[in-house]
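Okay, my_file.cif now, which holds mmCIF, C-alpha atoms:
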data_entry
loop_
_atom_site.label_atom_id
_atom_site.label_comp_id
_atom_site.auth_asym_id
_atom_site.auth_seq_id
_atom_site.Cartn_x
_atom_site.Cartn_y
_atom_site.Cartn_z
CA MET A 16 -1.71 14.03 9.01
CA LEU A 17 -4.11 11.06 8.99
CA ILE A 18 -1.66 9.08 11.13
CA THR A 19 -1.48 11.92 13.68
CA ILE A 20 -5.28 12.18 13.87
CA LEU A 21 -5.68 8.42 14.31
CA PHE A 22 -2.98 8.35 16.99
CA ALA A 23 -4.42 11.32 18.88
CA SER A 24 -7.96 9.96 18.79
CA THR A 25 -6.96 6.66 20.37
CA ALA A 26 -4.15 7.68 22.72
CA ALA A 27 -6.53 8.54 25.56
CA ALA A 28 -8.50 5.29 25.34
CA SER A 29 -7.64 2.51 27.80
CA GLU A 30 -8.53 -0.30 25.36
CA LYS A 31 -6.02 -0.83 22.55
CA LYS A 32 -7.93 0.61 19.59
CA GLY A 33 -5.10 1.97 17.41
CA LEU A 34 -2.34 0.35 15.41
CA VAL A 35 0.78 1.30 13.50
CA LEU A 36 2.35 -1.14 11.05
CA LEU A 37 5.66 -0.93 9.16
CA SER A 38 5.93 -3.33 6.26
CA ALA A 39 7.94 -4.32 3.22
CA SER A 40 5.65 -4.81 0.24
CA TYR A 41 6.09 -6.21 -3.23
CA PHE A 42 4.28 -4.31 -5.99
CA GLY A 43 3.70 -6.22 -9.23
CA TYR A 44 3.02 -3.85 -12.14
CA SER A 45 -0.15 -4.44 -14.15
CA ASP A 46 1.10 -2.33 -17.09
CA SER A 47 3.04 -4.46 -19.59
CA ARG A 48 5.28 -1.52 -20.59
CA GLN A 49 6.41 -1.06 -16.99
CA LYS A 50 7.05 -4.79 -16.63
CA GLU A 51 9.28 -4.65 -19.69
CA VAL A 52 11.37 -1.75 -18.32
CA TYR A 53 11.37 -2.32 -14.53
CA SER A 54 10.90 -6.11 -14.23
CA SER A 55 7.69 -7.67 -13.02
CA GLY A 56 7.74 -5.75 -9.73
CA ASN A 57 9.68 -4.13 -6.91
CA ILE A 58 9.82 -4.06 -3.12
CA TYR A 59 9.05 -0.84 -1.26
CA PRO A 60 8.38 0.34 2.32
CA GLU A 61 4.92 1.16 3.67
CA ILE A 62 3.44 2.52 6.86
CA LYS A 63 -0.14 1.89 7.94
CA ALA A 64 -2.09 3.39 10.84
CA GLY A 65 -5.57 2.44 11.92
CA SER A 66 -8.18 2.79 14.60
CA LYS A 67 -11.04 0.56 15.70
CA VAL A 68 -14.37 2.34 15.26
CA TYR A 69 -16.99 -0.26 16.15
CA GLN A 70 -16.51 -3.83 17.41
CA ASP A 71 -14.28 -5.50 14.76
CA PHE A 72 -14.53 -2.69 12.16
CA TYR A 73 -11.74 -0.16 11.76
CA VAL A 74 -10.52 2.70 9.57
CA TRP A 75 -6.98 2.87 8.23
CA GLY A 76 -4.56 4.99 6.23
CA ARG A 77 -1.54 3.72 4.34
CA CYS A 78 1.44 5.35 2.62
CA GLY A 79 4.08 3.70 0.44
CA PHE A 80 6.87 5.05 -1.74
CA LEU A 81 8.44 3.04 -4.55
CA THR A 82 11.49 3.95 -6.65
CA ALA A 83 12.70 1.66 -9.43
CA ASN A 84 15.43 1.83 -12.07
CA GLY A 85 15.33 0.03 -15.38
CA LYS A 86 16.40 0.00 -19.03
CA THR A 87 14.26 0.91 -22.01
CA PRO A 88 13.77 -1.85 -24.58
CA ILE A 89 15.86 -1.77 -27.76
CA LEU A 90 17.95 1.37 -26.94
CA GLU A 91 18.86 0.21 -23.40
CA GLU A 92 18.58 3.77 -22.02
CA THR A 93 18.34 4.31 -18.25
CA ALA A 94 14.80 4.78 -16.91
CA LYS A 95 13.54 5.63 -13.43
CA ILE A 96 10.06 5.64 -11.94
CA ASN A 97 8.76 6.95 -8.60
CA TYR A 98 5.38 6.02 -7.17
CA LEU A 99 3.63 7.44 -4.13
CA HIS A 100 0.70 5.30 -2.98
CA LEU A 101 -1.69 6.88 -0.47
CA SER A 102 -4.83 5.05 0.54
CA ILE A 103 -7.58 5.33 3.14
CA GLY A 104 -10.41 2.99 3.85
CA GLY A 105 -12.17 0.62 6.16
CA GLY A 106 -11.69 -2.94 7.20
CA TYR A 107 -12.94 -5.86 9.23
CA LYS A 108 -10.76 -7.97 11.54
CA GLY A 109 -11.99 -11.40 12.57
CA ASN A 110 -10.34 -13.98 14.79
CA PHE A 111 -9.48 -17.59 14.03
CA SER A 112 -7.99 -17.97 17.52
CA GLU A 113 -6.30 -15.88 20.21
CA ARG A 114 -3.04 -15.86 18.22
CA LEU A 115 -4.36 -15.87 14.64
CA ALA A 116 -6.72 -13.38 12.96
CA TYR A 117 -7.73 -12.31 9.46
CA LEU A 118 -8.60 -8.98 7.89
CA VAL A 119 -10.46 -7.71 4.84
CA GLU A 120 -9.95 -4.12 3.60
CA LEU A 121 -11.43 -1.83 0.97
CA GLY A 122 -10.27 1.71 0.31
CA LEU A 123 -9.66 4.65 -1.98
CA LEU A 124 -6.25 4.90 -3.60
CA TYR A 125 -4.33 7.98 -4.73
CA VAL A 126 -1.30 7.33 -6.96
CA ASN A 127 1.25 9.98 -7.85
CA TYR A 128 3.98 8.97 -10.30
CA LYS A 129 6.97 10.41 -12.14
CA GLU A 130 8.90 8.53 -14.82
CA THR A 131 12.11 9.70 -16.46
CA ALA A 132 13.46 7.96 -19.58
CA MET A 133 15.47 9.05 -22.63
CA GLY A 134 15.61 12.66 -21.45
CA GLU A 135 11.83 12.93 -21.12
CA GLU A 136 9.77 13.17 -17.93
CA VAL A 137 6.17 12.05 -17.57
CA SER A 138 4.28 12.63 -14.35
CA GLY A 139 0.74 12.62 -13.13
CA SER A 140 -1.68 11.26 -10.60
CA SER A 141 -4.85 9.25 -10.43
CA VAL A 142 -7.48 8.04 -8.02
CA GLY A 143 -8.60 4.43 -7.87
CA PHE A 144 -9.40 1.74 -5.34
CA MET A 145 -7.62 -0.84 -3.21
CA LEU A 146 -8.92 -4.25 -2.15
CA GLY A 147 -6.99 -6.50 0.16
CA GLY A 148 -6.86 -9.03 2.93
CA GLY A 149 -4.40 -10.66 5.22
CA VAL A 150 -3.51 -12.82 8.18
CA ILE A 151 -2.42 -11.41 11.54
CA PHE A 152 -0.16 -13.28 13.95
CA ASN A 153 -0.52 -11.88 17.47
CA ILE A 154 2.87 -11.93 19.19
CA GLY A 155 1.36 -10.54 22.40
CA LYS A 156 -1.21 -7.97 23.47
CA VAL A 157 0.79 -5.14 21.88
CA PHE A 158 2.93 -6.61 19.07
CA PHE A 159 1.79 -8.40 15.92
CA ALA A 160 2.94 -9.48 12.47
CA GLU A 161 0.83 -9.17 9.33
CA VAL A 162 1.00 -10.91 5.97
CA SER A 163 -1.18 -9.23 3.35
CA LEU A 164 -2.24 -9.55 -0.27
CA GLY A 165 -4.12 -6.93 -2.25
CA TYR A 166 -4.87 -5.33 -5.58
CA LEU A 167 -4.44 -1.66 -6.45
CA ASN A 168 -6.39 -0.25 -9.41
CA ALA A 169 -5.80 3.18 -10.95
CA LYS A 170 -5.33 4.49 -14.51
CA ASP A 171 -4.10 7.68 -16.15
CA GLU A 172 -4.12 8.99 -19.73
CA VAL A 173 -0.89 10.40 -21.21
CA GLU A 174 -0.99 11.48 -24.87
CA ASP A 175 -3.81 9.02 -25.72
CA ILE A 176 -2.02 6.15 -23.97
CA THR A 177 -3.69 4.54 -20.97
CA LEU A 178 -1.23 3.85 -18.15
CA LYS A 179 -2.21 1.16 -15.68
CA LEU A 180 -0.90 2.40 -12.34
CA GLY A 181 -2.09 -0.51 -10.24
CA GLY A 182 -1.16 -4.09 -9.71
CA ILE A 183 -0.81 -6.89 -7.20
CA LYS A 184 0.61 -6.00 -3.78
CA ALA A 185 1.91 -8.45 -1.19
CA GLY A 186 3.49 -7.47 2.09
CA ILE A 187 4.85 -8.57 5.41
CA GLY A 188 5.13 -6.25 8.36
CA PHE A 189 5.37 -5.80 12.09
CA GLY A 190 3.22 -3.53 14.17
CA ILE A 191 2.08 -2.32 17.55
CA ARG A 192 -1.31 -1.72 19.08
CA TYR A 193 -1.86 1.20 21.41
#
File written out as structure tokens:
Amino acid sequence: MLITILFASTAAASEKKGLVLLSASYFGYSDSRQKEVYSSGNIYPEIKAGSKVYQDFYVWGRCGFLTANGKTPILEETAKINYLHLSIGGGYKGNFSERLAYLVELGLLYVNYKETAMGEEVSGSSVGFMLGGGVIFNIGKVFFAEVSLGYLNAKDEVEDITLKLGGIKAGIGFGIRY
């Protein structure tokens, strides 16, 4: 819905104020239990949409879905985890040159997760924050590539155990401005 609103609000403008970015991101788990079961991290797809609001400041929304399979320690039972990362926020885009730019972003993060292991299912959700930055390579007036690095922070309590749902995120993607 956020993507539709951002697209509709900028479609009528003659200046290219909107963007849509498709990226492949690496999510490195901050929870040691998840690292032990699912490796240190996994790659997942993301989509980001944004709109310039004032000079070099913009708002954005991002959605990513991660699914990973692993093995429990000791018993070697199959485990599976699903994450849905939704985030919204604001950012600043500055220019190094006509072809090279940088960005800094801060936003709210919503994480929904479901983990299945040894016949048990644990699910929940949490709200946290996202901090990130990146480098933009302008391929032309419309097309661009983005390399980003960020940190997601969210926690949830399950039976007196604190689950760290965040971690390091790095991505590379290609996008269009409209």
- Query: Selected by the PyMOL selection byres ((chain A and resi 127) around 12) in the shown coordinates: which residues, as a ChimeraX atom specification?
  - Reply: /A:78-82,96-102,124-126,128-130,137-143,169-171,180-181
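For Val157 of chain A, the residues within 10 Å (counting all atoms listed in the file, excluding itself and residues fewer than 6 positions away along the chain) are A:Lys31, A:Leu34, A:Gly190, A:Ile191, A:Arg192, A:Tyr193.
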Since we have the selection now, will you write its residues out, keeping C-alpha atoms, as a PDB file, keeping the file's coordinate frame?
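Below you can see result.pdb, which holds the result:
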ATOM      1  CA  LYS A  31      -6.020  -0.830  22.550  1.00  0.00           C
ATOM      2  CA  LEU A  34      -2.340   0.350  15.410  1.00  0.00           C
ATOM      3  CA  GLY A 190       3.220  -3.530  14.170  1.00  0.00           C
ATOM      4  CA  ILE A 191       2.080  -2.320  17.550  1.00  0.00           C
ATOM      5  CA  ARG A 192      -1.310  -1.720  19.080  1.00  0.00           C
ATOM      6  CA  TYR A 193      -1.860   1.200  21.410  1.00  0.00           C
TER       7      TYR A 193
END
- Task: Grab the atom CA of Gly56 of chain A to atom CA of Phe42 of chain A distance for me, in Å with one decimal place.
- Result: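 Separating atom CA of Gly56 of chain A from atom CA of Phe42 of chain A is a distance of 5.3 Å.
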- Distance criterion (only C-alpha atoms): nearest to Leu146 of chain A out of A:Leu123, A:Ala83, A:Leu36, A:Ala64: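 That would be A:Leu123, the residue with the smallest distance to Leu146 of chain A.
The two atoms in question, atom CA of Ile151 of chain A and atom CA of Ser38 of chain A, are spaced 12.8 Å apart.
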- Message: Would you compute the distance between atom CA of Phe72 of chain A and atom CA of Gly105 of chain A? Give it in Å to one decimal.
- Response: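 Atom CA of Phe72 of chain A sits 7.2 Å away from atom CA of Gly105 of chain A.
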- Message: If the PyMOL selection byres ((chain A and resi 46-48) around 8) were run on this exact file, what residues would it hold? Put them as a VMD selection string.
- Response: chain A and resid 44 to 45 49 to 52 178 to 182
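Counting only C-alpha atoms and comparing A:Gly104, A:Val35, A:Glu172, A:Gly85, the residue that lies closest to Lys63 of chain A is A:Val35.
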- For each of A:Ala160, A:Lys108, A:Ala132, A:Glu113, take the minimum atom-to-atom distance to Val68 of chain A, counting only C-alpha atoms, then give the residue where this is smallest. A:Lys108
Listed atoms of segment 130-145 of chain A, axis-aligned box, 8 Å per side: centre and edge lengths to one decimal in Å, as AutoDock Vina command-line options?
--center_x 3.1 --center_y 6.2 --center_z -12.9 --size_x 41.0 --size_y 30.0 --size_z 35.4
The residues within 7 Å of (-6.7, -8.1, 3.8), using all atoms listed in the file and the coordinates of the file, should be reported as a short mmCIF file (atom, residue, chain, number, x, y, z; two decimals) with C-alpha atoms, in the coordinates of the input; which are they?
data_model
loop_
_atom_site.label_atom_id
_atom_site.label_comp_id
_atom_site.auth_asym_id
_atom_site.auth_seq_id
_atom_site.Cartn_x
_atom_site.Cartn_y
_atom_site.Cartn_z
CA LEU A 118 -8.60 -8.98 7.89
CA VAL A 119 -10.46 -7.71 4.84
CA GLU A 120 -9.95 -4.12 3.60
CA GLY A 147 -6.99 -6.50 0.16
CA GLY A 148 -6.86 -9.03 2.93
CA GLY A 149 -4.40 -10.66 5.22
CA SER A 163 -1.18 -9.23 3.35
CA LEU A 164 -2.24 -9.55 -0.27
CA GLY A 165 -4.12 -6.93 -2.25
#
- Query: Taking only C-alpha atoms into account, which of A:Val162, A:Leu90, A:Leu167, A:Ile176 comes nearest Tyr117 of chain A?
  - Reply: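 Result for the nearest residue to Tyr117 of chain A: A:Val162.
When all atoms listed in the file are used to compute distances to Val173 of chain A, the closest of the residues A:Glu136, A:Ile187, A:Glu161, A:Tyr107 turns out to be A:Glu136.
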- Residues returned when the PyMOL selection byres ((chain A and resi 133) around 9) runs on this file, as a list in words: Thr87, Glu92, Thr93, Ala94, Thr131, Ala132, Gly134, Glu135 and Glu136 of chain A
Suppose we keep C-alpha atoms; can you now write the selection as an mmCIF file, in the frame of the given file?
data_model
loop_
_atom_site.group_PDB
_atom_site.id
_atom_site.type_symbol
_atom_site.label_atom_id
_atom_site.label_comp_id
_atom_site.auth_asym_id
_atom_site.auth_seq_id
_atom_site.Cartn_x
_atom_site.Cartn_y
_atom_site.Cartn_z
ATOM 1 C CA THR A 87 14.260 0.910 -22.010
ATOM 2 C CA GLU A 92 18.580 3.770 -22.020
ATOM 3 C CA THR A 93 18.340 4.310 -18.250
ATOM 4 C CA ALA A 94 14.800 4.780 -16.910
ATOM 5 C CA THR A 131 12.110 9.700 -16.460
ATOM 6 C CA ALA A 132 13.460 7.960 -19.580
ATOM 7 C CA GLY A 134 15.610 12.660 -21.450
ATOM 8 C CA GLU A 135 11.830 12.930 -21.120
ATOM 9 C CA GLU A 136 9.770 13.170 -17.930
#
- Shell around Tyr41 of chain A at 6 Å using all atoms listed in the file, local window under 2 positions removed, as a ChimeraX atom specification: /A:57-58,184-185
- Hey, which of A:Lys32, A:Ser54, A:Ile62, A:Gly43 ends up closest to Pro88 of chain A? Count all atoms listed in the file. A:Ser54
